[in-house]
$ cat input_18.pdb   # PDB, C-alpha atoms
ATOM      1  CA  MET T  17     -25.940  22.284   8.041
ATOM      2  CA  LYS T  18     -22.610  22.423   6.201
ATOM      3  CA  THR T  19     -20.726  19.111   5.989
ATOM      4  CA  LEU T  20     -16.979  19.206   6.611
ATOM      5  CA  PRO T  21     -14.733  17.652   3.910
ATOM      6  CA  ALA T  22     -13.508  14.139   4.667
ATOM      7  CA  ALA T  23      -9.881  15.314   4.687
ATOM      8  CA  VAL T  24     -10.692  17.836   7.431
ATOM      9  CA  LEU T  25     -12.409  15.110   9.438
ATOM     10  CA  LEU T  26      -9.294  12.941   9.151
ATOM     11  CA  SER T  27      -7.134  15.774  10.468
ATOM     12  CA  PHE T  28      -9.573  16.640  13.257
ATOM     13  CA  ALA T  29      -9.847  13.016  14.375
ATOM     14  CA  ALA T  30      -6.058  12.756  14.491
ATOM     15  CA  ALA T  31      -5.889  15.798  16.766
ATOM     16  CA  LEU T  32      -8.457  14.320  19.120
ATOM     17  CA  VAL T  33      -6.466  11.092  19.369
ATOM     18  CA  ALA T  34      -3.344  13.017  20.294
ATOM     19  CA  GLN T  35      -5.185  14.650  23.205
ATOM     20  CA  SER T  36      -7.196  11.692  24.461
ATOM     21  CA  PRO T  37      -6.005   9.566  27.397
ATOM     22  CA  ALA T  38      -4.860   6.014  26.830
ATOM     23  CA  ALA T  39      -7.685   3.513  26.764
ATOM     24  CA  ALA T  40      -7.752   0.336  28.832
ATOM     25  CA  PRO T  41      -6.165  -2.704  27.109
ATOM     26  CA  ALA T  42      -8.611  -4.598  24.902
ATOM     27  CA  ALA T  43      -9.091  -8.336  25.114
ATOM     28  CA  PRO T  44      -6.684 -10.278  22.851
ATOM     29  CA  PRO T  45      -8.240 -11.032  19.430
ATOM     30  CA  LYS T  46      -9.179 -14.625  18.712
ATOM     31  CA  ASP T  47      -7.932 -15.156  15.153
ATOM     32  CA  ALA T  48      -5.343 -13.910  12.689
ATOM     33  CA  LEU T  49      -7.621 -11.479  10.854
ATOM     34  CA  ALA T  50      -8.801  -9.969  14.128
ATOM     35  CA  LYS T  51      -5.172  -9.559  15.179
ATOM     36  CA  ALA T  52      -4.413  -7.852  11.874
ATOM     37  CA  TRP T  53      -7.277  -5.432  12.430
ATOM     38  CA  GLN T  54      -6.106  -4.659  15.959
ATOM     39  CA  ARG T  55      -2.612  -3.994  14.605
ATOM     40  CA  ALA T  56      -4.036  -1.629  11.984
ATOM     41  CA  VAL T  57      -5.850   0.347  14.680
ATOM     42  CA  GLU T  58      -2.691   0.502  16.799
ATOM     43  CA  LEU T  59      -0.592   1.811  13.894
ATOM     44  CA  SER T  60      -3.285   4.291  12.950
ATOM     45  CA  ARG T  61      -3.450   5.660  16.485
ATOM     46  CA  LYS T  62       0.329   5.837  16.921
ATOM     47  CA  HIS T  63       1.092   7.575  13.621
ATOM     48  CA  LYS T  64      -2.226   9.401  13.075
ATOM     49  CA  ALA T  65      -2.552   7.607   9.752
ATOM     50  CA  PRO T  66      -5.842   6.684   8.040
ATOM     51  CA  ILE T  67      -6.792   3.026   7.719
ATOM     52  CA  LEU T  68      -7.517   1.740   4.217
ATOM     53  CA  ALA T  69      -9.690  -1.341   4.750
ATOM     54  CA  PHE T  70     -10.577  -3.759   1.975
ATOM     55  CA  VAL T  71     -13.779  -5.517   2.972
ATOM     56  CA  LEU T  72     -13.620  -9.292   2.759
ATOM     57  CA  PRO T  73     -16.552 -11.025   1.010
ATOM     58  CA  PRO T  74     -18.136 -14.010   2.781
ATOM     59  CA  GLU T  75     -15.778 -16.956   3.043
ATOM     60  CA  GLY T  76     -16.296 -19.429   0.211
ATOM     61  CA  ALA T  77     -18.497 -17.132  -1.928
ATOM     62  CA  ARG T  78     -17.965 -18.090  -5.557
ATOM     63  CA  ALA T  79     -16.387 -15.594  -7.919
ATOM     64  CA  ASP T  80     -18.246 -14.260 -10.937
ATOM     65  CA  GLU T  81     -16.656 -15.643 -14.110
ATOM     66  CA  GLN T  82     -16.887 -12.315 -15.923
ATOM     67  CA  VAL T  83     -15.162 -10.508 -13.056
ATOM     68  CA  VAL T  84     -12.439 -13.176 -13.002
ATOM     69  CA  ALA T  85     -11.898 -12.766 -16.748
ATOM     70  CA  ALA T  86     -11.773  -8.971 -16.479
ATOM     71  CA  THR T  87      -9.298  -9.171 -13.606
ATOM     72  CA  ARG T  88      -6.984 -11.518 -15.476
ATOM     73  CA  ALA T  89      -7.207  -9.339 -18.595
ATOM     74  CA  ALA T  90      -6.158  -6.316 -16.537
ATOM     75  CA  GLU T  91      -3.235  -8.283 -15.095
ATOM     76  CA  LYS T  92      -2.058  -9.334 -18.546
ATOM     77  CA  LYS T  93      -2.267  -5.775 -19.813
ATOM     78  CA  LEU T  94       0.056  -4.724 -17.006
ATOM     79  CA  GLY T  95       2.321  -7.744 -17.500
ATOM     80  CA  MET T  96       1.443  -9.269 -14.139
ATOM     81  CA  LEU T  97       2.096 -12.948 -13.333
ATOM     82  CA  ILE T  98       3.555 -13.697 -16.750
ATOM     83  CA  GLY T  99       6.874 -15.524 -17.174
ATOM     84  CA  ARG T 100       8.894 -16.189 -20.289
ATOM     85  CA  ARG T 101       6.963 -19.402 -20.795
ATOM     86  CA  GLY T 102       3.512 -17.963 -20.218
ATOM     87  CA  SER T 103       1.111 -17.329 -17.362
ATOM     88  CA  THR T 104       2.072 -18.082 -13.764
ATOM     89  CA  ALA T 105      -1.246 -16.934 -12.312
ATOM     90  CA  PRO T 106      -3.149 -19.156  -9.833
ATOM     91  CA  GLU T 107      -6.848 -19.634 -10.468
ATOM     92  CA  MET T 108      -9.377 -17.271  -8.897
ATOM     93  CA  GLN T 109     -12.225 -19.369  -7.519
ATOM     94  CA  THR T 110     -13.766 -17.240  -4.768
ATOM     95  CA  GLN T 111     -14.667 -13.596  -4.352
ATOM     96  CA  ARG T 112     -11.854 -13.324  -1.814
ATOM     97  CA  ASP T 113      -9.387 -14.611  -4.426
ATOM     98  CA  VAL T 114     -10.546 -11.877  -6.799
ATOM     99  CA  LEU T 115     -10.277  -9.156  -4.150
ATOM    100  CA  LEU T 116      -6.736 -10.171  -3.252
ATOM    101  CA  ARG T 117      -5.676 -10.141  -6.890
ATOM    102  CA  GLN T 118      -7.312  -6.796  -7.613
ATOM    103  CA  VAL T 119      -5.632  -5.188  -4.624
ATOM    104  CA  GLN T 120      -2.257  -6.521  -5.725
ATOM    105  CA  LEU T 121      -3.015  -5.233  -9.213
ATOM    106  CA  LEU T 122      -3.330  -1.770  -7.670
ATOM    107  CA  ARG T 123      -0.139  -2.206  -5.645
ATOM    108  CA  GLY T 124       1.845  -3.642  -8.545
ATOM    109  CA  SER T 125       1.128  -0.830 -10.973
ATOM    110  CA  HIS T 126       4.032   1.458 -11.798
ATOM    111  CA  ARG T 127       5.286   4.081 -14.198
ATOM    112  CA  SER T 128       8.149   3.400 -16.579
ATOM    113  CA  ALA T 129      11.315   5.287 -15.709
ATOM    114  CA  PRO T 130      15.062   5.001 -16.446
ATOM    115  CA  GLY T 131      16.762   2.522 -14.147
ATOM    116  CA  ALA T 132      13.742   1.362 -12.155
ATOM    117  CA  PRO T 133       9.934   1.589 -12.057
ATOM    118  CA  ALA T 134       8.631   4.908 -10.762
ATOM    119  CA  PRO T 135       5.923   5.028  -8.072
ATOM    120  CA  SER T 136       2.358   5.028  -9.343
ATOM    121  CA  ASP T 137      -0.479   7.114  -7.941
ATOM    122  CA  GLU T 138      -1.986   3.915  -6.511
ATOM    123  CA  GLN T 139       1.226   3.060  -4.658
ATOM    124  CA  VAL T 140       1.266   6.562  -3.203
ATOM    125  CA  VAL T 141      -2.208   5.989  -1.763
ATOM    126  CA  PHE T 142      -1.109   2.711  -0.155
ATOM    127  CA  ALA T 143       2.057   4.257   1.273
ATOM    128  CA  LEU T 144       0.070   7.045   2.980
ATOM    129  CA  THR T 145      -2.368   4.670   4.711
ATOM    130  CA  VAL T 146      -2.503   1.551   6.850
ATOM    131  CA  PRO T 147      -3.799  -1.019   4.332
ATOM    132  CA  VAL T 148      -5.617  -3.999   5.834
ATOM    133  CA  PHE T 149      -8.048  -6.730   4.816
ATOM    134  CA  ALA T 150     -10.928  -6.822   7.268
ATOM    135  CA  ARG T 151     -14.318  -8.343   7.871
ATOM    136  CA  ALA T 152     -17.267  -6.020   7.366
ATOM    137  CA  ASP T 153     -18.227  -5.970  11.053
ATOM    138  CA  ALA T 154     -14.692  -4.995  12.094
ATOM    139  CA  CYS T 155     -14.362  -1.961   9.824
ATOM    140  CA  GLY T 156     -18.023  -0.907   9.864
ATOM    141  CA  ALA T 157     -18.727  -1.597   6.209
ATOM    142  CA  LYS T 158     -22.323  -1.433   5.028
ATOM    143  CA  PRO T 159     -23.717  -3.851   2.422
ATOM    144  CA  GLY T 160     -22.186  -3.118  -0.973
ATOM    145  CA  GLU T 161     -19.123  -1.298   0.375
ATOM    146  CA  ASN T 162     -15.808  -2.938  -0.499
ATOM    147  CA  VAL T 163     -13.460  -0.156   0.636
ATOM    148  CA  VAL T 164     -13.677   1.706   3.942
ATOM    149  CA  LEU T 165     -11.515   4.645   4.972
ATOM    150  CA  LEU T 166     -11.145   5.287   8.684
ATOM    151  CA  ALA T 167      -9.509   8.063  10.657
ATOM    152  CA  PRO T 168      -7.402   7.260  13.714
ATOM    153  CA  PRO T 169      -8.131   5.346  15.801
ATOM    154  CA  GLY T 170     -10.820   3.676  13.679
ATOM    155  CA  ASP T 171     -13.600   6.224  13.098
ATOM    156  CA  LYS T 172     -15.265   5.650   9.740
ATOM    157  CA  VAL T 173     -14.815   8.529   7.294
ATOM    158  CA  ALA T 174     -16.079   6.942   4.074
ATOM    159  CA  GLY T 175     -17.543   3.676   2.852
ATOM    160  CA  LEU T 176     -17.081   3.144  -0.875
ATOM    161  CA  ALA T 177     -18.378   0.730  -3.498
ATOM    162  CA  LEU T 178     -15.519   0.809  -6.001
ATOM    163  CA  ASP T 179     -14.626  -1.106  -9.109
ATOM    164  CA  LEU T 180     -11.052  -1.885  -8.088
ATOM    165  CA  LEU T 181     -10.126  -2.445 -11.727
ATOM    166  CA  ASP T 182     -10.774   1.268 -12.254
ATOM    167  CA  ARG T 183      -7.466   2.551 -10.958
ATOM    168  CA  GLU T 184      -8.284   6.199 -11.647
ATOM    169  CA  ALA T 185     -11.453   5.975  -9.549
ATOM    170  CA  PHE T 186      -9.501   4.391  -6.687
ATOM    171  CA  VAL T 187      -6.930   7.192  -6.720
ATOM    172  CA  ARG T 188      -9.609   9.860  -7.020
ATOM    173  CA  GLU T 189     -11.898   8.576  -4.262
ATOM    174  CA  VAL T 190      -9.279   7.435  -1.747
ATOM    175  CA  GLY T 191      -6.258   9.519  -2.708
ATOM    176  CA  GLY T 192      -8.303  12.697  -2.752
ATOM    177  CA  ARG T 193      -8.898  12.208   0.962
ATOM    178  CA  VAL T 194      -5.588  10.906   2.310
ATOM    179  CA  LEU T 195      -3.402  13.246   0.227
ATOM    180  CA  ALA T 196      -5.284  16.445   1.035
ATOM    181  CA  PRO T 197      -2.975  18.987   2.759
ATOM    182  CA  SER T 198      -5.275  19.150   5.797
ATOM    183  CA  ALA T 199      -4.883  15.380   6.258
ATOM    184  CA  LEU T 200      -1.202  15.082   5.362
ATOM    185  CA  GLU T 201       0.598  18.079   6.831
ATOM    186  CA  PRO T 202      -0.141  17.319  10.519
ATOM    187  CA  ARG T 203       1.480  13.909  10.049
ATOM    188  CA  ARG T 204       4.822  15.311   8.890
ATOM    189  CA  ALA T 205       5.547  16.667  12.356
ATOM    190  CA  ASN T 206       5.316  13.155  13.787
ATOM    191  CA  VAL T 207       7.980  11.583  11.549
ATOM    192  CA  PRO T 208      11.060  10.711  13.648
ATOM    193  CA  LEU T 209      14.196  12.546  12.533
ATOM    194  CA  SER T 210      16.106   9.264  12.273
ATOM    195  CA  LEU T 211      13.720   8.013   9.584
ATOM    196  CA  GLY T 212      14.318  11.102   7.492
ATOM    197  CA  GLU T 213      18.073  10.629   7.807
ATOM    198  CA  ARG T 214      17.875   6.986   6.737
ATOM    199  CA  LEU T 215      15.627   7.882   3.816
ATOM    200  CA  LYS T 216      18.180  10.458   2.664
ATOM    201  CA  GLU T 217      20.950   7.857   2.958
ATOM    202  CA  LEU T 218      18.931   5.385   0.877
ATOM    203  CA  GLY T 219      18.356   7.976  -1.839
ATOM    204  CA  GLU T 220      22.066   8.781  -2.010
ATOM    205  CA  LEU T 221      22.985   5.095  -2.157
ATOM    206  CA  GLN T 222      20.534   4.342  -4.940
ATOM    207  CA  GLU T 223      21.773   7.313  -6.939
ATOM    208  CA  SER T 224      25.363   6.096  -6.614
ATOM    209  CA  LEU T 225      24.388   2.551  -7.596
ATOM    210  CA  PHE T 226      22.891   3.894 -10.800
ATOM    211  CA  THR T 227      25.675   6.359 -11.663
ATOM    212  CA  SER T 228      28.700   4.236 -10.625
ATOM    213  CA  PRO T 229      27.844   0.600 -11.466
ATOM    214  CA  GLY T 230      31.469  -0.491 -11.871
ATOM    215  CA  ASP T 231      32.767   0.893  -8.591
ATOM    216  CA  GLU T 232      34.581  -1.644  -6.384
ATOM    217  CA  GLN T 233      32.375  -0.606  -3.456
ATOM    218  CA  TRP T 234      29.191  -1.207  -5.456
ATOM    219  CA  ARG T 235      28.355  -4.468  -3.688
ATOM    220  CA  VAL T 236      28.809  -2.909  -0.252
ATOM    221  CA  ARG T 237      26.536  -0.008  -1.164
ATOM    222  CA  TRP T 238      23.945  -2.349  -2.663
ATOM    223  CA  GLU T 239      23.833  -4.468   0.506
ATOM    224  CA  ARG T 240      23.447  -1.355   2.663
ATOM    225  CA  ALA T 241      20.653  -0.100   0.398
ATOM    226  CA  GLU T 242      18.795  -3.406   0.686
ATOM    227  CA  GLU T 243      19.183  -3.311   4.471
ATOM    228  CA  LEU T 244      17.762   0.205   4.570
ATOM    229  CA  LYS T 245      14.820  -0.776   2.367
ATOM    230  CA  LYS T 246      13.816  -3.502   4.826
ATOM    231  CA  GLU T 247      14.143  -1.155   7.793
ATOM    232  CA  LEU T 248      12.190   1.667   6.175
ATOM    233  CA  ALA T 249       9.486  -0.600   4.745
ATOM    234  CA  ALA T 250       8.765  -1.767   8.292
ATOM    235  CA  GLU T 251       8.352   1.904   9.301
ATOM    236  CA  LEU T 252       6.371   2.979   6.236
ATOM    237  CA  VAL T 253       3.286   4.119   8.164
ATOM    238  CA  ALA T 254       5.433   6.639  10.026
ATOM    239  CA  LEU T 255       7.662   7.502   7.067
ATOM    240  CA  GLY T 256       4.921   7.922   4.445
ATOM    241  CA  PRO T 257       4.437  11.716   4.743
ATOM    242  CA  LEU T 258       8.109  12.298   3.864
ATOM    243  CA  LEU T 259       7.770  10.300   0.647
ATOM    244  CA  VAL T 260       5.551  12.840  -1.115
ATOM    245  CA  ARG T 261       5.756  16.537  -1.882
ATOM    246  CA  ARG T 262       3.683  18.981  -3.882
ATOM    247  CA  ALA T 263       5.031  20.465  -7.093
ATOM    248  CA  GLY T 264       5.321  24.241  -6.730
ATOM    249  CA  GLU T 265       2.069  25.876  -5.769
ATOM    250  CA  GLY T 266      -0.054  23.309  -7.608
ATOM    251  CA  ASP T 267      -1.847  20.266  -6.288
ATOM    252  CA  GLU T 268       0.233  17.668  -8.108
ATOM    253  CA  VAL T 269       1.692  15.131  -5.677
ATOM    254  CA  VAL T 270       5.253  14.088  -6.531
ATOM    255  CA  PRO T 271       6.426  10.839  -4.880
ATOM    256  CA  ALA T 272       9.988  10.105  -3.912
ATOM    257  CA  PRO T 273      11.515   7.425  -6.163
ATOM    258  CA  GLU T 274      12.134   5.212  -3.126
ATOM    259  CA  LEU T 275       8.395   4.934  -2.449
ATOM    260  CA  SER T 276       7.780   2.169  -5.009
ATOM    261  CA  ASP T 277      10.276  -0.287  -3.498
ATOM    262  CA  LEU T 278       9.281   0.491   0.072
ATOM    263  CA  GLU T 279       5.551   0.047  -0.504
ATOM    264  CA  ALA T 280       6.087  -3.164  -2.479
ATOM    265  CA  ALA T 281       8.149  -4.592   0.383
ATOM    266  CA  ARG T 282       5.283  -4.638   2.900
ATOM    267  CA  ALA T 283       2.118  -6.665   2.417
ATOM    268  CA  PRO T 284      -1.232  -5.230   3.562
ATOM    269  CA  LEU T 285      -2.101  -6.340   7.083
ATOM    270  CA  GLY T 286      -3.981  -9.619   7.114
ATOM    271  CA  THR T 287      -1.958 -11.023   4.216
ATOM    272  CA  ILE T 288       1.383 -12.443   3.232
ATOM    273  CA  ALA T 289       2.987 -11.706  -0.129
ATOM    274  CA  GLU T 290       4.361 -14.529  -2.236
ATOM    275  CA  VAL T 291       6.565 -13.908  -5.266
ATOM    276  CA  ALA T 292       5.845 -16.360  -8.069
ATOM    277  CA  ALA T 293       8.697 -18.564  -9.255
ATOM    278  CA  VAL T 294       9.317 -17.765 -12.936
ATOM    279  CA  ASP T 295      12.022 -18.447 -15.471
ATOM    280  CA  PRO T 296      15.176 -16.464 -14.659
ATOM    281  CA  CYS T 297      15.754 -13.300 -16.634
ATOM    282  CA  PRO T 298      18.412 -13.244 -19.372
ATOM    283  CA  ALA T 299      21.876 -12.187 -18.271
ATOM    284  CA  CYS T 300      21.517  -8.916 -20.190
ATOM    285  CA  GLY T 301      18.855  -7.819 -17.749
ATOM    286  CA  MET T 302      16.409  -6.771 -20.465
ATOM    287  CA  GLY T 303      13.856  -9.226 -19.103
ATOM    288  CA  TYR T 304      13.700  -7.619 -15.626
ATOM    289  CA  THR T 305      10.228  -7.737 -14.107
ATOM    290  CA  PRO T 306       9.402  -5.603 -11.037
ATOM    291  CA  PRO T 307       8.642  -7.932  -8.093
ATOM    292  CA  GLY T 308       5.217  -6.353  -7.664
ATOM    293  CA  LEU T 309       4.160  -7.881 -10.978
ATOM    294  CA  LEU T 310       5.146 -11.355  -9.779
ATOM    295  CA  THR T 311       3.460 -11.154  -6.388
ATOM    296  CA  THR T 312       0.230 -12.674  -5.109
ATOM    297  CA  LEU T 313      -1.403 -11.932  -1.763
ATOM    298  CA  LYS T 314      -2.766 -14.626   0.528
ATOM    299  CA  LEU T 315      -4.849 -14.189   3.640
ATOM    300  CA  ILE T 316      -3.179 -15.165   6.885
ATOM    301  CA  GLY T 317      -4.628 -17.740   9.226
ATOM    302  CA  PRO T 318      -7.352 -20.301   8.585
TER     303      PRO T 318
END

$ encode --input "input_18.pdb" --output "structure tokens"
Amino acid sequence: MKTLPAAVLLSFAAALVAQSPAAAPAAPPKDALAKAWQRAVELSRKHKAPILAFVLPPEGARADEQVVAATRAAEKKLGMLIGRRGSTAPEMQTQRDVLLRQVQLLRGSHRSAPGAPAPSDEQVVFALTVPVFARADACGAKPGENVVLLAPPGDKVAGLALDLLDREAFVREVGGRVLAPSALEPRRANVPLSLGERLKELGELQESLFTSPGDEQWRVRWERAEELKKELAAELVALGPLLVRRAGEGDEVVPAPELSDLEAARAPLGTIAEVAAVDPCPACGMGYTPPGLLTTLKLIGP
């Protein structure tokens, strides 16, 4: 029997959700992580977006020292959690600490570009999914799986055992599914027109901020741009499909420049993002560090 590609399954599941009647309200979840999972399922159902679940290790499980060292080495290579006076990184004591840091390492990666960091392939994957930290029983993870991809409204498509320090493998295994045309194109039709208009306004504002830095209206435009970023980051699950396009007739995915800021502005469900306090940058601005490289994730709730 021929097996359908995972991307086709994602698209097919989304179509079924659109046709199915509303289910009876579920009982309220009992803790913060359960609430986060319920929210992920709700967003997935509403916007026909896949869920990207990072499977939480057992609470209190000690971290492997070699994995901790490798994680910190990868952070340093990227320039993460380093101030002018040295490291600002908290210790990683548990396997959950390591997972949180490795996920932020994926989110904080970027490409160098004039004016501002350009979106990375990893950020594109996050922006096109509903990222959430979840217990294994909630997301249906089997032993050994640390990443689970689910189609709306929570049907498991793939369970993966990934080395999250291998960014190329993450993009290949997860991005290959969520960025496939059969999974992405049906979602474009569901993006509200108003979101597209606000995204266009943000792009125009950011272009003017870069090209006319001495304009007397610069501050007004900057404040409006920051307001739009907050609004659009909150709607990223719906907006995501408009933030990528394909180059010509090839398969290369080209992200909109706004994607990096918008994805960095929302923490994965189940977490809060904290920006480390570091020494202020020099007035010349040459010491600018993207906020994603100064951010740590912490689980919500007890």

$ residues_around --input "input_18.pdb" --residues "Phe70 of chain T" --least-positions-apart "5" --cutoff "9 Å" --atoms "only C-alpha atoms" --output "list in words"
Leu115, Val119, Pro147, Val148, Phe149, Ala150, Arg151, Ala152, Cys155, Asn162, Val163, Val164 and Leu165 of chain T

$ atom_distance --input "input_18.pdb" --atom1 "atom CA of Ala241 of chain T" --atom2 "atom CA of Pro273 of chain T"
13.5 Å

$ resolve_selection --input "input_18.pdb" --expression "the PyMOL selection byres ((chain T and resi 141) around 9)" --output "list in words"
Ser136, Asp137, Glu138, Gln139, Val140, Phe142, Ala143, Leu144, Thr145, Phe186, Val187, Val190, Gly191, Val194 and Leu195 of chain T

$ resolve_selection --input "input_18.pdb" --expression "the PyMOL selection byres ((chain T and resi 58) around 12)" --output "PyMOL selection string"
chain T and resi 33+38-39+41-42+51-57+59-67+146+167-170+253+285

$ write_last_selection --input "input_18.pdb" --atoms "C-alpha atoms" --output "PDB file, in the frame of the given file"
ATOM      1  CA  VAL T  33      -6.466  11.092  19.369  1.00  0.00           C
ATOM      2  CA  ALA T  38      -4.860   6.014  26.830  1.00  0.00           C
ATOM      3  CA  ALA T  39      -7.685   3.513  26.764  1.00  0.00           C
ATOM      4  CA  PRO T  41      -6.165  -2.704  27.109  1.00  0.00           C
ATOM      5  CA  ALA T  42      -8.611  -4.598  24.902  1.00  0.00           C
ATOM      6  CA  LYS T  51      -5.172  -9.559  15.179  1.00  0.00           C
ATOM      7  CA  ALA T  52      -4.413  -7.852  11.874  1.00  0.00           C
ATOM      8  CA  TRP T  53      -7.277  -5.432  12.430  1.00  0.00           C
ATOM      9  CA  GLN T  54      -6.106  -4.659  15.959  1.00  0.00           C
ATOM     10  CA  ARG T  55      -2.612  -3.994  14.605  1.00  0.00           C
ATOM     11  CA  ALA T  56      -4.036  -1.629  11.984  1.00  0.00           C
ATOM     12  CA  VAL T  57      -5.850   0.347  14.680  1.00  0.00           C
ATOM     13  CA  LEU T  59      -0.592   1.811  13.894  1.00  0.00           C
ATOM     14  CA  SER T  60      -3.285   4.291  12.950  1.00  0.00           C
ATOM     15  CA  ARG T  61      -3.450   5.660  16.485  1.00  0.00           C
ATOM     16  CA  LYS T  62       0.329   5.837  16.921  1.00  0.00           C
ATOM     17  CA  HIS T  63       1.092   7.575  13.621  1.00  0.00           C
ATOM     18  CA  LYS T  64      -2.226   9.401  13.075  1.00  0.00           C
ATOM     19  CA  ALA T  65      -2.552   7.607   9.752  1.00  0.00           C
ATOM     20  CA  PRO T  66      -5.842   6.684   8.040  1.00  0.00           C
ATOM     21  CA  ILE T  67      -6.792   3.026   7.719  1.00  0.00           C
ATOM     22  CA  VAL T 146      -2.503   1.551   6.850  1.00  0.00           C
ATOM     23  CA  ALA T 167      -9.509   8.063  10.657  1.00  0.00           C
ATOM     24  CA  PRO T 168      -7.402   7.260  13.714  1.00  0.00           C
ATOM     25  CA  PRO T 169      -8.131   5.346  15.801  1.00  0.00           C
ATOM     26  CA  GLY T 170     -10.820   3.676  13.679  1.00  0.00           C
ATOM     27  CA  VAL T 253       3.286   4.119   8.164  1.00  0.00           C
ATOM     28  CA  LEU T 285      -2.101  -6.340   7.083  1.00  0.00           C
TER      29      LEU T 285
END

$ closest_atom_pairs --input "input_18.pdb" --of "segment 64-90 of chain T" --to "segment 121-124 of chain T" --cutoff "12 Å" --atoms "only C-alpha atoms" --output "Markdown table"
| residue | atom | partner | partner_atom | distance |
| --- | --- | --- | --- | --- |
| T:Ala86 | CA | T:Leu121 | CA | 12.0 |
| T:Thr87 | CA | T:Leu121 | CA | 8.6 |
| T:Arg88 | CA | T:Leu121 | CA | 9.7 |
| T:Ala89 | CA | T:Leu121 | CA | 11.1 |
| T:Ala90 | CA | T:Leu121 | CA | 8.0 |

$ residues_around --input "input_18.pdb" --residues "Glu217 of chain T" --least-positions-apart "2" --cutoff "12 Å" --atoms "only C-alpha atoms" --output "list in words"
Ser210, Leu211, Gly212, Glu213, Arg214, Leu215, Gly219, Glu220, Leu221, Gln222, Glu223, Ser224, Arg237, Arg240, Ala241, Glu242, Glu243, Leu244, Lys245, Leu248 and Glu274 of chain T

$ resolve_selection --input "input_18.pdb" --expression "the PyMOL selection byres ((chain T and resi 160) around 10)" --output "PDB file with C-alpha atoms, in the frame of the given file"
ATOM      1  CA  VAL T  71     -13.779  -5.517   2.972  1.00  0.00           C
ATOM      2  CA  PRO T  73     -16.552 -11.025   1.010  1.00  0.00           C
ATOM      3  CA  ALA T 157     -18.727  -1.597   6.209  1.00  0.00           C
ATOM      4  CA  LYS T 158     -22.323  -1.433   5.028  1.00  0.00           C
ATOM      5  CA  PRO T 159     -23.717  -3.851   2.422  1.00  0.00           C
ATOM      6  CA  GLU T 161     -19.123  -1.298   0.375  1.00  0.00           C
ATOM      7  CA  ASN T 162     -15.808  -2.938  -0.499  1.00  0.00           C
ATOM      8  CA  VAL T 163     -13.460  -0.156   0.636  1.00  0.00           C
ATOM      9  CA  GLY T 175     -17.543   3.676   2.852  1.00  0.00           C
ATOM     10  CA  LEU T 176     -17.081   3.144  -0.875  1.00  0.00           C
ATOM     11  CA  ALA T 177     -18.378   0.730  -3.498  1.00  0.00           C
ATOM     12  CA  LEU T 178     -15.519   0.809  -6.001  1.00  0.00           C
TER      13      LEU T 178
END

$ closest_residue --input "input_18.pdb" --among "T:Met108, T:Leu68, T:Leu116, T:Leu200" --to "Ala254 of chain T" --atoms "only C-alpha atoms"
T:Leu200

$ axis_aligned_box --input "input_18.pdb" --around "segment 134-139 of chain T" --padding-each-side "5 Å" --output "AutoDock Vina command-line options"
--center_x 3.3 --center_y 5.1 --center_z -7.7 --size_x 20.6 --size_y 14.1 --size_z 16.1

$ atom_distance --input "input_18.pdb" --atom1 "atom CA of Glu268 of chain T" --atom2 "atom CA of Arg282 of chain T"
25.4 Å

$ residues_around --input "input_18.pdb" --residues "segment 109-112 of chain T" --least-positions-apart "5" --cutoff "10 Å" --atoms "only C-alpha atoms" --output "ChimeraX atom specification"
/T:71-81,83-84,117-118,314-315

$ atom_distance --input "input_18.pdb" --atom1 "atom CA of Leu310 of chain T" --atom2 "atom CA of Ser103 of chain T"
10.5 Å

$ closest_residue --input "input_18.pdb" --among "T:Ala283, T:Leu225, T:Leu259, T:Ala249" --to "Arg204 of chain T" --atoms "all atoms listed in the file"
T:Leu259

$ residues_around --input "input_18.pdb" --residues "Gly308 of chain T" --least-positions-apart "2" --cutoff "10 Å" --atoms "all atoms listed in the file" --output "ChimeraX atom specification"
/T:96-97,120-126,276-277,279-281,289-291,305-306,310-312

$ build_atoms --input "input_18.pdb" --residues "segment 245-252 of chain T" --atoms "N, CA and C atoms" --output "compact mmCIF listing (two decimals), keeping the file's coordinate frame"
# COMPACT_ATOMS: atom_id res chain seq x y z
N LYS T 245 16.17 -0.57 2.90
CA LYS T 245 14.82 -0.78 2.37
C LYS T 245 13.98 -1.60 3.34
N LYS T 246 14.55 -2.66 3.88
CA LYS T 246 13.82 -3.50 4.83
C LYS T 246 13.45 -2.71 6.08
N GLU T 247 14.40 -1.93 6.58
CA GLU T 247 14.14 -1.16 7.79
C GLU T 247 13.04 -0.12 7.56
N LEU T 248 13.13 0.59 6.44
CA LEU T 248 12.19 1.67 6.18
C LEU T 248 10.82 1.14 5.77
N ALA T 249 10.78 -0.01 5.09
CA ALA T 249 9.49 -0.60 4.74
C ALA T 249 8.70 -0.96 6.00
N ALA T 250 9.42 -1.42 7.03
CA ALA T 250 8.76 -1.77 8.29
C ALA T 250 8.24 -0.53 9.02
N GLU T 251 8.76 0.65 8.67
CA GLU T 251 8.35 1.90 9.30
C GLU T 251 7.56 2.78 8.35
N LEU T 252 6.98 2.18 7.30
CA LEU T 252 6.37 2.98 6.24
C LEU T 252 5.19 3.81 6.71
